[in-house]
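The structure under discussion appears below in the form of C-alpha cells.
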Protein chains: 2
Amino acid sequence: MDASTPTSKPTPERIFNTMIAFQETEALKAAIELDIFTAISDSADTPGLLATKTGASERGVRILCDFLTIRGFLTKSGGKYSLTQESAIFLNRHSPACLASMVDFLASQWSRKNFGGLTEAVRKGGTANLTGDHTKPHEEVWVNFARSMAPLTTPNAEFIAGLTGAAEGKPCKVLDIAAGHGLYGITVARRNPTAQIVAVDWPAVLEVAKENARESRVAERYATRPGSAFEVALGEGYDFVLLTNIFHHFDIATCEKLMRRVHAALKRGGKAITLEFVPNEDRVTPPMAAAFSLVMLAGTDAGDAYTFAEYEKMFRNTGFAKTTLHPVPDMPQQVLVSEK
Amino acid sequence: MDASTPTSKPTPERIFNTMIAFQETEALKAAIELDIFTAISDSADTPGLLATKTGASERGVRILCDFLTIRGFLTKSGGKYSLTQESAIFLNRHSPACLASMVDFLASQWSRKNFGGLTEAVRKGGTANLTGDHTKPHEEVWVNFARSMAPLTTPNAEFIAGLTGAAEGKPCKVLDIAAGHGLYGITVARRNPTAQIVAVDWPAVLEVAKENARESRVAERYATRPGSAFEVALGEGYDFVLLTNIFHHFDIATCEKLMRRVHAALKRGGKAITLEFVPNEDRVTPPMAAAFSLVMLAGTDAGDAYTFAEYEKMFRNTGFAKTTLHPVPDMPQQVLVSEK
C-alpha cells in the first residue's frame with residue numbers, strides 16, 4: 001500500500017490506485033479549468049498568488065497544487081510551485097504545443113456516461129448509451145471533438161501529408177471523410193499549394209473545419225459536403241481519400257460499405273489513407289492502440305480497434321488488392337495505405 | 001504518446017493517460033461487478049467460457065479482459081486469460097484477502113459527485129457537495145463505507161491491537177469513536193479476551209459493526225452508543241480511545257472539540273490512539289498520505305490530511321502533553337499515541 005517503499009511481495013497498491021484513478025482525471029481537469037499551469041508560467045507560484053490570479057481559494061489551490069506535485073505535473077520547493085518540462089510544453093496555454101483542451105473531449109460528460117455504463121456494455125457487447133450508432137449524427141459530440149482534439153493532430157497530419165507527396169506540389173484532389181476539425185486535409189493543403197480539399201462531415205462540425213481552413217489561409221481550396229459519409233455524394237476522381245479515426249466506430253460490414261464508396265470516389269491509382277489504432281494480433285499490444293478497443297465498447301454499438309489483418313481483409317473485399325502499414329513515429333496510431 | 005517506446009524527450013503520454021484515467025476505474029469496477037477475477041480463478045479462462053459464467057457477451061468480455069491484461073491485472077497467452085499474483089490475492093472473491101468490495105466506496109456515486117465538483121471545491125476551499133459537514137449524519141455514505149472498506153483494515157487493526165498490549169490480556173475498557181465496520185475495536189476484543197468495547201457511530205452504521213462483532217464472537221463484550229461523537233455521552237474511565245480516520249473530516253477547531261471529549265473520557269494514564277494519513281511538512285510526501293488531502297477538499301467543508309506538527313499542537317491544546325508517531329508497516333497510514 002505504501003507507494004514510497006517498493007517491495008517485491010504482492011501489494012494492493014495498483015488496485016487501490018486504479019479504484020481511485022478517476023480522481024486523477026478530475027484533478028487535472030480542475031487545474032486546466034482554473035488555468036493553474038498558465039498562471040504558474042506567469043510567475044504566480046505560491047498558493048496566495050495563484051488564488052489571486054485564478055480567483056480560487058488559497059486553501060483549495062494549495063491542496064490541488066500539492067496533488068499535482070505528487071502526481072508529477074508540478075514541482076514544489078520552499079512552498080513555491082514550478083512547472084515540469086512536460087507541463088510547460090503541454091499544459092501551459094502560452095505554449096504552441098498546449099493540449100489542455102483535449103480534456104474537454106476525453107473527459108467529457110458524454111465519455112463519462114459511456115464509461116459509467118461499462119458493466120452493462122460488457123453484458124450486451126456494445127454501449128449502454130443511446131448514441132452508439134455513429135452512422136447517425138451526434139453533432140454536439142463531434143463539434144466538441146473538433147474543438148478539443150486538434151492539438152494531438154499535428155504529427156499524424158504531417159505524416160499523412162508526407163505520404164501524399166505534398167512537398168512535390170503536384171496538383172491533386174483530396175477527399176477528407178469525417179473531417180472533424182479538418183486539420184488532416186488542411187495540412188495537405190498547406191504543404192501543397194495546388195491541392196484541392198473536399199471535406200465531408202455533419203454540418204455543424206464542418207463549420208469548425210471551415211474556421212480552421214480560413215485560419216490556415218486555404219479556404220479558397222477547401223470545399224465541403226455536409227452530411228453522412230454513407231449517403232452524401234462524395235464526388236469522384238480523387239487522388240487521395242483520407243479516412244482518419246473513422247472505421248473504429250463501426251462493425252466490419254459498415255466499414256466495408258464505407259470503403260466501397262471510397263473505392264468508387266478514387267481515380268485509378270488513387271490511394272485511400274487510413275489513420276487508426278491498430279493492435280497486434282494478440283489484441284493486448286501495443287498498449288495504447290489495444291486499449292482503444294475499450295473506448296469503442298463503451299461508446300459505440302459495434303466499433304472496435306481492428307487488427308491489420310482485419311483491415312487488410314475488409315479493404316480487399318472492397319476492391320483494394322494491397323494495403324500497407326506505416327507506423328507514425330512517436331504516436332500510438334498507424335497509417336494504412338490502399339491503392340486503387 | 002507511444003507507451004511502448006520510452007524516450008527521454010518530453011511526451012504528452014502522462015497527461016493523456018491522466019485525462020482518461022477515469023476509464024481505468026470504470027474497467028476495474030465493471031470487472032469486479034461481473035466478478036471476472038473469481039470466474040477466471042474457477043477456470044473460465046476464455047472469452048467464451050467467461051461469457052457463459054458471467055452472463056455477459058463474449059465480445060464485451062474479450063475487450064474488457066484485453067484491457068485488464070494491458071493494465072497488468074491479467075495475463076493473456078494463446079487466447080486464455082490468467083490472474084496475476086496480485087489479482088489472485090486481492091480481486092478473487094475466493095481469497096480471504098480479497099478487497100474487491102472497496103470499489104463500492106472508493107468509486108461510489110457520492111465520491112464521484114464530490115470529485116465531479118472539484119473545480120468549484122478549489123474555488124471555494126471546500127466541497128461543492130451538500131454533504132460536507134461530517135459532524136452531521138450521512139448514514140448512507142458511512143454504511144456503504146462500513147460494508148465496503150473492511151478488507152483494508154486488518155494490518156492497521158492488528159497494529160493498533162498490538163499498541164494496546166492486547167496480547168497480555170489485561171482487562172481494559174476501549175472506546176471506539178466513529179467505529180464504522182467496528183473492526184478496530186473488534187480486533188482488540190479478539191486479541192484480548194478481557195477487553196470491553198464501546199462503539200460510537202450513527203445508528204445504521206453501528207448495525208454493521210454489531211454484525212461484525214457477532215461474526216467475530218465478541219458481541220457480549222461489544223456495547224454501542226448511537227449518535228454524534230460530539231454529542232452522545234461517551235462514558236468515562238477508558239484505558240484506550242480509538243480515533244481511526246476521523247480527524248481528517250474536520251477543521252482544527254472541530255478536531256480539538258472532539259479531542260477534549262476524548263480527554264475527559266480517558267482514565268489517567270489512558271491513551272488516545274489515532275489512525276491517520278499524516279503527510280510530511282512539505283505536504284507532498286509520502287504520496288498516498290499527502291494525496292489524501294484532495295479527497296478531503298473534494299468531499300468535506302474543511303477537512304484535511306494534517307501534519308504531525310498540526311496534530312501534536314491540536315492534541316496538546318486539549319490536554320495531551322505528548323503525542324508519539326508510529327508508522328504502520330507497509331501501510332500508508334500512521335498511528336499517533338497520546339497519553340492522558
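Note on naming: chains are A, B, ... as they come in the C-alpha cells, residues start from 1 per chain, ligands start from 1 in the order shown.
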What residues in chain A lie within 7 Å of chain B, counting only C-alpha atoms, written as a ChimeraX atom specification?
/A:1-4,10-12,18-26,30,55-57,59-61,63-64,66-67,69-70,85-86,90,103,106-107,115-116,118-119,121-125,283-284,286-288,291,293-294,297,330-332
Return as an NGL selection string the full set of residues in stretch 180-245 of chain A whose backbone-based DSSP assignment is strand (DSSP E or B).
:A and (195-201 or 222-226 or 238-244)
Compile the contact shell of B:Arg217 as a list in words: residues with an atom at most 12 Å away, counting only C-alpha atoms, same-chain residues fewer than 2 positions apart removed.
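Answer for this query is Ile186, Thr187, Ala189, Arg190, Arg191, Pro193, Lys210, Glu211, Asn212, Ala213, Arg214, Glu215, Ala219, Glu220, Arg221 and Tyr222 of chain B.
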Using atom CA of B:Asn144 and atom CA of B:Ala178 as the two end points, give the distance in Å to one decimal.
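Between atom CA of B:Asn144 and atom CA of B:Ala178 the gap is 13.9 Å.
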Residues near B:Ile273, anyone? I mean within 10 Å using only C-alpha atoms, not counting same-chain ones fewer than 6 positions away, as a PDB file with all heavy atoms, in the first residue's frame.
```pdb
ATOM      1  N   ILE B 160      -2.789  -1.663  15.836  1.00  0.00           N
ATOM      2  CA  ILE B 160      -3.379  -0.914  16.953  1.00  0.00           C
ATOM      3  C   ILE B 160      -3.645  -1.847  18.141  1.00  0.00           C
ATOM      4  O   ILE B 160      -3.360  -1.502  19.298  1.00  0.00           O
ATOM      5  CB  ILE B 160      -4.670  -0.205  16.479  1.00  0.00           C
ATOM      6  CG1 ILE B 160      -4.284   0.984  15.594  1.00  0.00           C
ATOM      7  CG2 ILE B 160      -5.516   0.253  17.668  1.00  0.00           C
ATOM      8  CD1 ILE B 160      -5.454   1.660  14.902  1.00  0.00           C
ATOM      9  N   LEU B 163      -0.560  -2.152  19.972  1.00  0.00           N
ATOM     10  CA  LEU B 163      -0.242  -0.967  20.796  1.00  0.00           C
ATOM     11  C   LEU B 163      -1.056  -0.940  22.101  1.00  0.00           C
ATOM     12  O   LEU B 163      -0.634  -0.324  23.079  1.00  0.00           O
ATOM     13  CB  LEU B 163      -0.521   0.321  20.006  1.00  0.00           C
ATOM     14  CG  LEU B 163       0.450   0.644  18.865  1.00  0.00           C
ATOM     15  CD1 LEU B 163      -0.036   1.870  18.089  1.00  0.00           C
ATOM     16  CD2 LEU B 163       1.868   0.901  19.386  1.00  0.00           C
ATOM     17  N   THR B 164      -2.210  -1.587  22.109  1.00  0.00           N
ATOM     18  CA  THR B 164      -2.999  -1.630  23.357  1.00  0.00           C
ATOM     19  C   THR B 164      -2.490  -2.727  24.291  1.00  0.00           C
ATOM     20  O   THR B 164      -3.037  -2.901  25.381  1.00  0.00           O
ATOM     21  CB  THR B 164      -4.503  -1.911  23.083  1.00  0.00           C
ATOM     22  OG1 THR B 164      -4.646  -3.247  22.572  1.00  0.00           O
ATOM     23  CG2 THR B 164      -5.094  -0.916  22.110  1.00  0.00           C
ATOM     24  N   ASP B 176     -14.388   3.091  20.948  1.00  0.00           N
ATOM     25  CA  ASP B 176     -14.069   3.152  19.514  1.00  0.00           C
ATOM     26  C   ASP B 176     -14.974   4.217  18.880  1.00  0.00           C
ATOM     27  O   ASP B 176     -16.164   3.982  18.663  1.00  0.00           O
ATOM     28  CB  ASP B 176     -14.297   1.775  18.876  1.00  0.00           C
ATOM     29  CG  ASP B 176     -13.760   1.698  17.457  1.00  0.00           C
ATOM     30  OD1 ASP B 176     -13.289   2.728  16.933  1.00  0.00           O
ATOM     31  OD2 ASP B 176     -13.816   0.599  16.867  1.00  0.00           O
ATOM     32  N   PHE B 240      -8.331   3.024  26.646  1.00  0.00           N
ATOM     33  CA  PHE B 240      -7.960   3.435  25.286  1.00  0.00           C
ATOM     34  C   PHE B 240      -9.169   4.038  24.575  1.00  0.00           C
ATOM     35  O   PHE B 240     -10.286   3.537  24.729  1.00  0.00           O
ATOM     36  CB  PHE B 240      -7.453   2.243  24.457  1.00  0.00           C
ATOM     37  CG  PHE B 240      -6.243   1.578  25.041  1.00  0.00           C
ATOM     38  CD1 PHE B 240      -6.358   0.404  25.783  1.00  0.00           C
ATOM     39  CD2 PHE B 240      -4.982   2.138  24.881  1.00  0.00           C
ATOM     40  CE1 PHE B 240      -5.243  -0.208  26.348  1.00  0.00           C
ATOM     41  CE2 PHE B 240      -3.858   1.538  25.435  1.00  0.00           C
ATOM     42  CZ  PHE B 240      -3.989   0.357  26.181  1.00  0.00           C
ATOM     43  N   VAL B 241      -8.904   5.093  23.816  1.00  0.00           N
ATOM     44  CA  VAL B 241      -9.922   5.593  22.898  1.00  0.00           C
ATOM     45  C   VAL B 241      -9.340   5.502  21.486  1.00  0.00           C
ATOM     46  O   VAL B 241      -8.250   6.038  21.226  1.00  0.00           O
ATOM     47  CB  VAL B 241     -10.343   7.046  23.207  1.00  0.00           C
ATOM     48  CG1 VAL B 241     -11.373   7.532  22.191  1.00  0.00           C
ATOM     49  CG2 VAL B 241     -10.903   7.150  24.619  1.00  0.00           C
ATOM     50  N   LEU B 242     -10.040   4.817  20.600  1.00  0.00           N
ATOM     51  CA  LEU B 242      -9.578   4.663  19.212  1.00  0.00           C
ATOM     52  C   LEU B 242     -10.223   5.742  18.344  1.00  0.00           C
ATOM     53  O   LEU B 242     -11.453   5.909  18.350  1.00  0.00           O
ATOM     54  CB  LEU B 242      -9.944   3.276  18.677  1.00  0.00           C
ATOM     55  CG  LEU B 242      -9.582   2.076  19.565  1.00  0.00           C
ATOM     56  CD1 LEU B 242      -9.895   0.766  18.822  1.00  0.00           C
ATOM     57  CD2 LEU B 242      -8.115   2.125  19.980  1.00  0.00           C
ATOM     58  N   LEU B 243      -9.405   6.453  17.598  1.00  0.00           N
ATOM     59  CA  LEU B 243      -9.875   7.536  16.715  1.00  0.00           C
ATOM     60  C   LEU B 243      -9.314   7.264  15.326  1.00  0.00           C
ATOM     61  O   LEU B 243      -8.271   7.790  14.936  1.00  0.00           O
ATOM     62  CB  LEU B 243      -9.401   8.878  17.254  1.00  0.00           C
ATOM     63  CG  LEU B 243      -9.974   9.219  18.649  1.00  0.00           C
ATOM     64  CD1 LEU B 243      -8.896   9.769  19.551  1.00  0.00           C
ATOM     65  CD2 LEU B 243     -11.149  10.165  18.522  1.00  0.00           C
ATOM     66  N   THR B 244     -10.006   6.376  14.599  1.00  0.00           N
ATOM     67  CA  THR B 244      -9.450   5.906  13.326  1.00  0.00           C
ATOM     68  C   THR B 244     -10.134   6.631  12.172  1.00  0.00           C
ATOM     69  O   THR B 244     -11.352   6.556  12.013  1.00  0.00           O
ATOM     70  CB  THR B 244      -9.647   4.377  13.193  1.00  0.00           C
ATOM     71  OG1 THR B 244     -11.029   4.077  13.325  1.00  0.00           O
ATOM     72  CG2 THR B 244      -8.874   3.641  14.275  1.00  0.00           C
ATOM     73  N   THR B 323       2.525  13.436  22.253  1.00  0.00           N
ATOM     74  CA  THR B 323       1.986  12.520  21.243  1.00  0.00           C
ATOM     75  C   THR B 323       3.152  11.919  20.472  1.00  0.00           C
ATOM     76  O   THR B 323       4.086  12.634  20.096  1.00  0.00           O
ATOM     77  CB  THR B 323       1.039  13.272  20.287  1.00  0.00           C
ATOM     78  OG1 THR B 323      -0.119  13.702  21.015  1.00  0.00           O
ATOM     79  CG2 THR B 323       0.601  12.395  19.136  1.00  0.00           C
ATOM     80  N   THR B 324       3.126  10.606  20.275  1.00  0.00           N
ATOM     81  CA  THR B 324       4.192   9.944  19.513  1.00  0.00           C
ATOM     82  C   THR B 324       3.614   9.358  18.228  1.00  0.00           C
ATOM     83  O   THR B 324       2.423   9.021  18.154  1.00  0.00           O
ATOM     84  CB  THR B 324       4.845   8.819  20.340  1.00  0.00           C
ATOM     85  OG1 THR B 324       3.812   7.938  20.809  1.00  0.00           O
ATOM     86  CG2 THR B 324       5.603   9.401  21.528  1.00  0.00           C
ATOM     87  N   VAL B 335      -0.021   5.835  13.065  1.00  0.00           N
ATOM     88  CA  VAL B 335      -0.762   5.862  14.326  1.00  0.00           C
ATOM     89  C   VAL B 335      -0.118   6.885  15.251  1.00  0.00           C
ATOM     90  O   VAL B 335       1.112   6.950  15.374  1.00  0.00           O
ATOM     91  CB  VAL B 335      -0.775   4.462  14.972  1.00  0.00           C
ATOM     92  CG1 VAL B 335      -1.396   4.532  16.370  1.00  0.00           C
ATOM     93  CG2 VAL B 335      -1.548   3.482  14.099  1.00  0.00           C
ATOM     94  N   LEU B 336      -0.951   7.711  15.883  1.00  0.00           N
ATOM     95  CA  LEU B 336      -0.483   8.673  16.884  1.00  0.00           C
ATOM     96  C   LEU B 336      -0.992   8.214  18.243  1.00  0.00           C
ATOM     97  O   LEU B 336      -2.183   7.897  18.388  1.00  0.00           O
ATOM     98  CB  LEU B 336      -1.020  10.074  16.586  1.00  0.00           C
ATOM     99  CG  LEU B 336      -0.575  10.693  15.253  1.00  0.00           C
ATOM    100  CD1 LEU B 336      -1.548  10.353  14.134  1.00  0.00           C
ATOM    101  CD2 LEU B 336      -0.441  12.212  15.380  1.00  0.00           C
ATOM    102  N   VAL B 337      -0.086   8.165  19.217  1.00  0.00           N
ATOM    103  CA  VAL B 337      -0.469   7.747  20.564  1.00  0.00           C
ATOM    104  C   VAL B 337      -0.290   8.927  21.503  1.00  0.00           C
ATOM    105  O   VAL B 337       0.787   9.527  21.566  1.00  0.00           O
ATOM    106  CB  VAL B 337       0.373   6.542  21.031  1.00  0.00           C
ATOM    107  CG1 VAL B 337      -0.007   6.153  22.469  1.00  0.00           C
ATOM    108  CG2 VAL B 337       0.182   5.362  20.093  1.00  0.00           C
ATOM    109  N   SER B 338      -1.368   9.281  22.224  1.00  0.00           N
ATOM    110  CA  SER B 338      -1.353  10.439  23.126  1.00  0.00           C
ATOM    111  C   SER B 338      -1.803   9.961  24.501  1.00  0.00           C
ATOM    112  O   SER B 338      -2.919   9.457  24.645  1.00  0.00           O
ATOM    113  CB  SER B 338      -2.317  11.520  22.627  1.00  0.00           C
ATOM    114  OG  SER B 338      -2.202  11.691  21.222  1.00  0.00           O
ATOM    115  N   GLU B 339      -0.938  10.133  25.506  1.00  0.00           N
ATOM    116  CA  GLU B 339      -1.264   9.634  26.852  1.00  0.00           C
ATOM    117  C   GLU B 339      -1.844  10.755  27.697  1.00  0.00           C
ATOM    118  O   GLU B 339      -1.370  11.883  27.684  1.00  0.00           O
ATOM    119  CB  GLU B 339      -0.002   9.065  27.507  1.00  0.00           C
ATOM    120  CG  GLU B 339      -0.291   8.347  28.813  1.00  0.00           C
ATOM    121  CD  GLU B 339       0.910   7.584  29.358  1.00  0.00           C
ATOM    122  OE1 GLU B 339       1.688   7.063  28.537  1.00  0.00           O
ATOM    123  OE2 GLU B 339       1.068   7.528  30.595  1.00  0.00           O
TER     124      GLU B 339
END
```
Option closest in space to B:Ala167, from B:Thr307, B:Thr131, B:Thr194, B:Thr153 [counting only C-alpha atoms]
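Of B:Thr307, B:Thr131, B:Thr194, B:Thr153, the one nearest B:Ala167 is B:Thr194, counting only C-alpha atoms.
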By how many Å are atom CA of A:Val141 and atom CA of A:Ala161 apart?
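Atom-to-atom, atom CA of A:Val141 and atom CA of A:Ala161 are spaced 26.6 Å apart.
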